[in-house]
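Colleague: Structure file model.pdb, PDB, C-alpha atoms, pLDDT in the B column, is pasted below:
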ATOM      1  CA  LEU A  21     -13.873 -19.478 -26.664  1.00 47.00           C
ATOM      2  CA  GLY A  22     -15.441 -16.151 -27.850  1.00 49.00           C
ATOM      3  CA  PRO A  23     -14.656 -12.599 -27.067  1.00 54.00           C
ATOM      4  CA  PRO A  24     -13.919 -11.933 -23.391  1.00 52.00           C
ATOM      5  CA  LEU A  25     -17.116  -9.981 -22.811  1.00 52.00           C
ATOM      6  CA  SER A  26     -19.504 -12.093 -24.853  1.00 57.00           C
ATOM      7  CA  LEU A  27     -23.059 -12.557 -23.635  1.00 66.00           C
ATOM      8  CA  SER A  28     -22.535 -16.230 -22.892  1.00 75.00           C
ATOM      9  CA  ALA A  29     -22.284 -17.623 -19.376  1.00 80.00           C
ATOM     10  CA  GLU A  30     -18.589 -18.335 -19.966  1.00 82.00           C
ATOM     11  CA  GLY A  31     -17.977 -14.686 -20.956  1.00 80.00           C
ATOM     12  CA  ALA A  32     -19.768 -13.456 -17.853  1.00 82.00           C
ATOM     13  CA  ARG A  33     -17.749 -15.799 -15.649  1.00 86.00           C
ATOM     14  CA  ARG A  34     -14.461 -14.647 -17.202  1.00 87.00           C
ATOM     15  CA  ALA A  35     -15.432 -10.991 -16.854  1.00 86.00           C
ATOM     16  CA  GLN A  36     -16.317 -11.558 -13.195  1.00 87.00           C
ATOM     17  CA  ALA A  37     -12.991 -13.315 -12.567  1.00 88.00           C
ATOM     18  CA  ARG A  38     -11.059 -10.531 -14.303  1.00 89.00           C
ATOM     19  CA  ALA A  39     -12.892  -7.850 -12.300  1.00 87.00           C
ATOM     20  CA  GLU A  40     -12.173  -9.646  -9.013  1.00 84.00           C
ATOM     21  CA  GLU A  41      -8.501 -10.006  -9.954  1.00 84.00           C
ATOM     22  CA  ASN A  42      -8.237  -6.292 -10.825  1.00 81.00           C
ATOM     23  CA  LEU A  43      -9.914  -5.324  -7.545  1.00 79.00           C
ATOM     24  CA  SER A  44      -7.564  -7.583  -5.604  1.00 77.00           C
ATOM     25  CA  LYS A  45      -4.515  -6.001  -7.289  1.00 75.00           C
ATOM     26  CA  MET A  46      -5.798  -2.501  -6.524  1.00 72.00           C
ATOM     27  CA  ALA A  47      -6.446  -3.399  -2.886  1.00 66.00           C
ATOM     28  CA  ARG A  48      -2.879  -4.661  -2.447  1.00 66.00           C
ATOM     29  CA  ASN A  49      -1.411  -1.367  -3.683  1.00 64.00           C
ATOM     30  CA  VAL A  50      -3.343   0.925  -1.356  1.00 70.00           C
ATOM     31  CA  VAL A  51      -1.138   2.953   0.950  1.00 70.00           C
ATOM     32  CA  LEU A  52      -2.925   3.988   4.105  1.00 78.00           C
ATOM     33  CA  PRO A  53      -1.235   6.774   6.043  1.00 84.00           C
ATOM     34  CA  VAL A  54      -0.460   5.090   9.364  1.00 86.00           C
ATOM     35  CA  PRO A  55       2.412   6.517  11.432  1.00 89.00           C
ATOM     36  CA  CYS A  56       5.129   4.259  12.764  1.00 87.00           C
ATOM     37  CA  PRO A  57       4.195   3.011  16.248  1.00 84.00           C
ATOM     38  CA  ASN A  58       7.846   3.346  17.358  1.00 84.00           C
ATOM     39  CA  CYS A  59       8.767   6.868  16.248  1.00 88.00           C
ATOM     40  CA  GLY A  60       5.468   8.368  15.058  1.00 89.00           C
ATOM     41  CA  CYS A  61       6.802   9.268  11.608  1.00 90.00           C
ATOM     42  CA  TYR A  62       4.981   8.847   8.333  1.00 89.00           C
ATOM     43  CA  GLN A  63       6.901   7.411   5.382  1.00 88.00           C
ATOM     44  CA  PRO A  64       7.471   9.689   2.349  1.00 86.00           C
ATOM     45  CA  ASP A  65       4.692   8.150   0.209  1.00 82.00           C
ATOM     46  CA  MET A  66       2.293   8.585   3.116  1.00 85.00           C
ATOM     47  CA  VAL A  67       3.383  12.213   3.570  1.00 85.00           C
ATOM     48  CA  ASP A  68       2.625  12.876  -0.097  1.00 81.00           C
ATOM     49  CA  ARG A  69      -0.822  11.336   0.242  1.00 82.00           C
ATOM     50  CA  LEU A  70      -1.563  13.293   3.423  1.00 83.00           C
ATOM     51  CA  ARG A  71      -0.489  16.525   1.733  1.00 80.00           C
ATOM     52  CA  THR A  72      -2.746  15.989  -1.266  1.00 76.00           C
ATOM     53  CA  GLU A  73      -5.753  14.700   0.654  1.00 76.00           C
ATOM     54  CA  GLY A  74      -5.461  16.483   3.979  1.00 70.00           C
ATOM     55  CA  THR A  75      -5.113  20.114   3.010  1.00 70.00           C
ATOM     56  CA  SER A  76      -8.094  22.392   3.145  1.00 75.00           C
ATOM     57  CA  ASN A  77      -9.638  23.909   0.031  1.00 81.00           C
ATOM     58  CA  ALA A  78     -11.277  26.703   2.036  1.00 86.00           C
ATOM     59  CA  PRO A  79      -8.639  29.375   1.218  1.00 87.00           C
ATOM     60  CA  VAL A  80      -8.820  28.488  -2.484  1.00 89.00           C
ATOM     61  CA  ILE A  81     -12.609  28.705  -2.510  1.00 91.00           C
ATOM     62  CA  ALA A  82     -12.506  31.982  -0.561  1.00 92.00           C
ATOM     63  CA  GLY A  83      -9.940  33.378  -2.994  1.00 93.00           C
ATOM     64  CA  LEU A  84     -12.079  32.453  -5.980  1.00 93.00           C
ATOM     65  CA  ILE A  85     -15.167  34.014  -4.396  1.00 94.00           C
ATOM     66  CA  VAL A  86     -13.309  37.257  -3.575  1.00 94.00           C
ATOM     67  CA  ALA A  87     -11.831  37.444  -7.086  1.00 93.00           C
ATOM     68  CA  VAL A  88     -15.195  36.890  -8.785  1.00 93.00           C
ATOM     69  CA  LEU A  89     -17.081  39.274  -6.500  1.00 93.00           C
ATOM     70  CA  SER A  90     -14.468  41.958  -7.097  1.00 92.00           C
ATOM     71  CA  LEU A  91     -15.528  42.040 -10.766  1.00 91.00           C
ATOM     72  CA  ILE A  92     -18.999  43.327  -9.814  1.00 90.00           C
ATOM     73  CA  PRO A  93     -17.924  47.011  -9.384  1.00 87.00           C
ATOM     74  CA  LEU A  94     -17.000  47.068 -13.081  1.00 87.00           C
ATOM     75  CA  ALA A  95     -20.737  47.028 -13.863  1.00 87.00           C
ATOM     76  CA  PHE A  96     -21.083  50.510 -12.365  1.00 85.00           C
ATOM     77  CA  SER A  97     -19.841  53.635 -14.084  1.00 86.00           C
ATOM     78  CA  VAL A  98     -17.964  55.181 -11.194  1.00 85.00           C
ATOM     79  CA  PRO A  99     -14.602  56.828 -11.882  1.00 89.00           C
ATOM     80  CA  TYR A 100     -11.620  54.747 -10.764  1.00 89.00           C
ATOM     81  CA  ILE A 101     -13.801  51.797  -9.673  1.00 89.00           C
ATOM     82  CA  TRP A 102     -11.332  49.539 -11.435  1.00 90.00           C
ATOM     83  CA  VAL A 103      -8.985  50.145  -8.492  1.00 91.00           C
ATOM     84  CA  ALA A 104     -11.396  48.243  -6.234  1.00 90.00           C
ATOM     85  CA  THR A 105     -11.563  45.457  -8.807  1.00 92.00           C
ATOM     86  CA  VAL A 106      -7.772  45.205  -9.052  1.00 94.00           C
ATOM     87  CA  ALA A 107      -7.476  45.186  -5.259  1.00 94.00           C
ATOM     88  CA  GLY A 108     -10.164  42.490  -4.897  1.00 94.00           C
ATOM     89  CA  VAL A 109      -8.678  40.276  -7.580  1.00 94.00           C
ATOM     90  CA  SER A 110      -5.238  40.699  -5.985  1.00 95.00           C
ATOM     91  CA  VAL A 111      -6.575  39.644  -2.577  1.00 95.00           C
ATOM     92  CA  GLY A 112      -8.353  36.651  -4.143  1.00 94.00           C
ATOM     93  CA  LEU A 113      -5.242  35.500  -5.999  1.00 94.00           C
ATOM     94  CA  GLY A 114      -3.226  36.064  -2.827  1.00 94.00           C
ATOM     95  CA  LEU A 115      -5.520  33.708  -0.913  1.00 92.00           C
ATOM     96  CA  ILE A 116      -5.138  31.068  -3.615  1.00 91.00           C
ATOM     97  CA  GLY A 117      -1.342  31.461  -3.567  1.00 91.00           C
ATOM     98  CA  TYR A 118      -1.288  31.251   0.227  1.00 90.00           C
ATOM     99  CA  ALA A 119      -3.264  27.993   0.117  1.00 87.00           C
ATOM    100  CA  ASP A 120      -0.751  26.441  -2.302  1.00 84.00           C
ATOM    101  CA  TRP A 121       2.200  27.700  -0.263  1.00 87.00           C
ATOM    102  CA  ALA A 122       0.758  26.419   3.026  1.00 85.00           C
ATOM    103  CA  ALA A 123      -0.063  23.012   1.531  1.00 82.00           C
ATOM    104  CA  ALA A 124       3.480  22.624   0.179  1.00 81.00           C
ATOM    105  CA  ARG A 125       5.043  23.518   3.550  1.00 82.00           C
ATOM    106  CA  TRP A 126       2.783  21.371   5.732  1.00 84.00           C
ATOM    107  CA  ASP A 127       4.664  18.516   7.405  1.00 87.00           C
ATOM    108  CA  PRO A 128       2.567  15.797   9.067  1.00 88.00           C
ATOM    109  CA  ASN A 129       5.713  14.613  10.916  1.00 89.00           C
ATOM    110  CA  ALA A 130       6.218  17.968  12.671  1.00 89.00           C
ATOM    111  CA  GLY A 131       5.270  18.544  16.264  1.00 88.00           C
ATOM    112  CA  ASN A 132       4.745  16.150  19.149  1.00 91.00           C
ATOM    113  CA  SER A 133       5.142  12.552  17.976  1.00 89.00           C
ATOM    114  CA  GLU A 134       3.337  10.917  20.929  1.00 92.00           C
ATOM    115  CA  PRO A 135      -0.198  11.286  19.463  1.00 91.00           C
ATOM    116  CA  ARG A 136       1.075   9.865  16.149  1.00 90.00           C
ATOM    117  CA  LYS A 137       2.742   6.940  17.967  1.00 89.00           C
ATOM    118  CA  ALA A 138      -0.529   6.169  19.749  1.00 89.00           C
ATOM    119  CA  ARG A 139      -2.417   6.362  16.437  1.00 87.00           C
ATOM    120  CA  GLY A 140       0.177   4.054  14.840  1.00 87.00           C
ATOM    121  CA  ARG A 141      -0.068   1.515  17.685  1.00 84.00           C
ATOM    122  CA  LYS A 142      -3.827   1.522  17.356  1.00 85.00           C
ATOM    123  CA  ARG A 143      -3.887   1.054  13.571  1.00 83.00           C
ATOM    124  CA  ALA A 144      -0.714  -0.850  12.648  1.00 79.00           C
ATOM    125  CA  VAL A 145      -0.592  -4.621  12.281  1.00 78.00           C
ATOM    126  CA  TRP A 146       2.551  -6.450  13.405  1.00 71.00           C
ATOM    127  CA  GLY A 147       3.873  -9.590  15.035  1.00 73.00           C
ATOM    128  CA  GLU A 148       1.563 -12.562  15.437  1.00 81.00           C
ATOM    129  CA  GLN A 149      -1.418 -10.558  14.215  1.00 80.00           C
ATOM    130  CA  LEU A 150       0.448  -9.814  10.946  1.00 79.00           C
ATOM    131  CA  ASP A 151       1.457 -13.469  10.598  1.00 82.00           C
ATOM    132  CA  ARG A 152      -2.176 -14.595  10.983  1.00 84.00           C
ATOM    133  CA  LEU A 153      -3.341 -11.996   8.479  1.00 82.00           C
ATOM    134  CA  LEU A 154      -0.747 -12.977   5.892  1.00 82.00           C
ATOM    135  CA  ALA A 155      -1.410 -16.686   6.425  1.00 82.00           C
ATOM    136  CA  THR A 156      -5.080 -16.198   5.568  1.00 81.00           C
ATOM    137  CA  ASP A 157      -4.234 -14.158   2.441  1.00 64.00           C
ATOM    138  CA  LEU A 158      -4.387 -16.822  -0.264  1.00 53.00           C
ATOM    139  CA  GLY A 159      -1.819 -19.042   1.449  1.00 51.00           C
ATOM    140  CA  ALA A 160       0.888 -16.366   1.493  1.00 51.00           C
ATOM    141  CA  GLY A 161       2.567 -18.100   4.399  1.00 49.00           C
ATOM    142  CA  PRO A 162       4.175 -16.543   7.466  1.00 49.00           C
ATOM    143  CA  ALA A 163       5.441 -12.986   7.405  1.00 47.00           C
ATOM    144  CA  PRO A 164       9.122 -12.468   6.617  1.00 48.00           C
ATOM    145  CA  THR A 165      11.350 -12.088   9.650  1.00 44.00           C
ATOM    146  CA  ALA A 166      12.917  -8.819   8.476  1.00 39.00           C
ATOM    147  CA  ARG A 167      10.591  -5.918   9.168  1.00 45.00           C
ATOM    148  CA  ALA A 168      10.784  -2.322   8.026  1.00 48.00           C
ATOM    149  CA  VAL A 169      10.790   0.057  10.966  1.00 48.00           C
ATOM    150  CA  CYS A 170      10.877   3.775  10.210  1.00 55.00           C
ATOM    151  CA  GLY A 171      12.330   3.036   6.777  1.00 49.00           C
ATOM    152  CA  GLN A 172      15.100   0.752   8.142  1.00 45.00           C
ATOM    153  CA  ALA A 173      15.155  -3.021   8.019  1.00 42.00           C
ATOM    154  CA  THR A 174      15.488  -4.895  11.294  1.00 43.00           C
ATOM    155  CA  GLY A 175      15.899  -8.569  11.997  1.00 42.00           C
ATOM    156  CA  ALA A 176      13.068  -8.873  14.492  1.00 43.00           C
ATOM    157  CA  GLU A 177      11.333 -12.173  14.871  1.00 42.00           C
ATOM    158  CA  PRO A 178       7.632 -12.413  14.055  1.00 38.00           C
ATOM    159  CA  GLY A 179       5.631 -11.726  17.148  1.00 40.00           C
ATOM    160  CA  ALA A 180       8.198  -9.352  18.618  1.00 43.00           C
ATOM    161  CA  ALA A 181       6.325  -6.129  19.166  1.00 44.00           C
ATOM    162  CA  PRO A 182       6.335  -3.417  18.090  1.00 43.00           C
ATOM    163  CA  ASP A 183       8.400  -3.922  14.921  1.00 42.00           C
ATOM    164  CA  THR A 184       6.012  -2.994  12.162  1.00 43.00           C
ATOM    165  CA  VAL A 185       5.539  -2.962   8.472  1.00 46.00           C
ATOM    166  CA  THR A 186       4.547   0.644   7.918  1.00 43.00           C
TER     167      THR A 186
END
For this file, produce the structure as structure tokens.
Modeller:
Amino acid sequence: LGPPLSLSAEGARRAQARAEENLSKMARNVVLPVPCPNCGCYQPDMVDRLRTEGTSNAPVIAGLIVAVLSLIPLAFSVPYIWVATVAGVSVGLGLIGYADWAAARWDPNAGNSEPRKARGRKRAVWGEQLDRLLATDLGAGPAPTARAVCGQATGAEPGAAPDTVT
């Protein structure tokens, strides 16, 4: 056989098969933040993803802009102008610190759970729909009868809504 990435047709076929296998493995490990349709809560790994992807960078960008712009007065020879620079840099760093603090405190499970429940019911797959999906996935067979609901296992039968795998 030759090296795995040789220029032969066999090498190209093996590289294509390996790439498809890697893509399939990556697709199976994707965690999409979908709240539980029963309680509206996100699981801890989903909360972490929402915190890293859902927070705004606007305060950080504003803080950087303020800090950089506050260095401009140093170009002028005015007595005690450095006070304005120190104040501007302090405000800029304060905005950056506030953004980090706010991102760390943000809880996607806080507040009214009804909108999250509705979003979970719209996006989650369970029951017969889950069984059909798993049956078409490379012959995986029917879904297991024990489902995870809000982090707890239940013994619901397939097709019994709305026990979900979230």
Colleague: Quick check on the file I pasted: which residues fall under the PyMOL selection byres ((chain A and resi 81) around 12)? Write them as a list in words.
Modeller: Ser76, Asn77, Ala78, Pro79, Val80, Ala82, Gly83, Leu84, Ile85, Val86, Ala87, Val88, Gly112, Leu113, Gly114, Leu115, Ile116, Gly117, Tyr118 and Ala119 of chain A
Colleague: What would the selection look like, as a count of residues only, if the PyMOL selection byres ((chain A and resi 62) around 12) were run on the coordinates I just shared?
Modeller: 34
Colleague: One number please: CA of Ser110 in chain A to CA of Ile92 in chain A, in Å, one decimal.
Modeller: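 These two atoms are separated by 14.5 Å.
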Colleague: Grab the CA of Trp121 in chain A to CA of Thr75 in chain A distance for me, in Å with one decimal place.
Modeller: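 We find that CA of Trp121 in chain A and CA of Thr75 in chain A lie 11.0 Å from each other.
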Colleague: So what do you get for CA of Ala37 in chain A versus CA of Leu153 in chain A, distance-wise?
Modeller: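 Interatomic distance here is 23.2 Å.
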Colleague: Can you work out which one of A:Leu91, A:Arg33, A:Phe96, A:Trp126 has the shortest atom-to-atom distance to Glu73 in chain A, counting all atoms listed in the file?
Modeller: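 Once distances to Glu73 in chain A are computed over all atoms listed in the file, the minimum belongs to A:Trp126.
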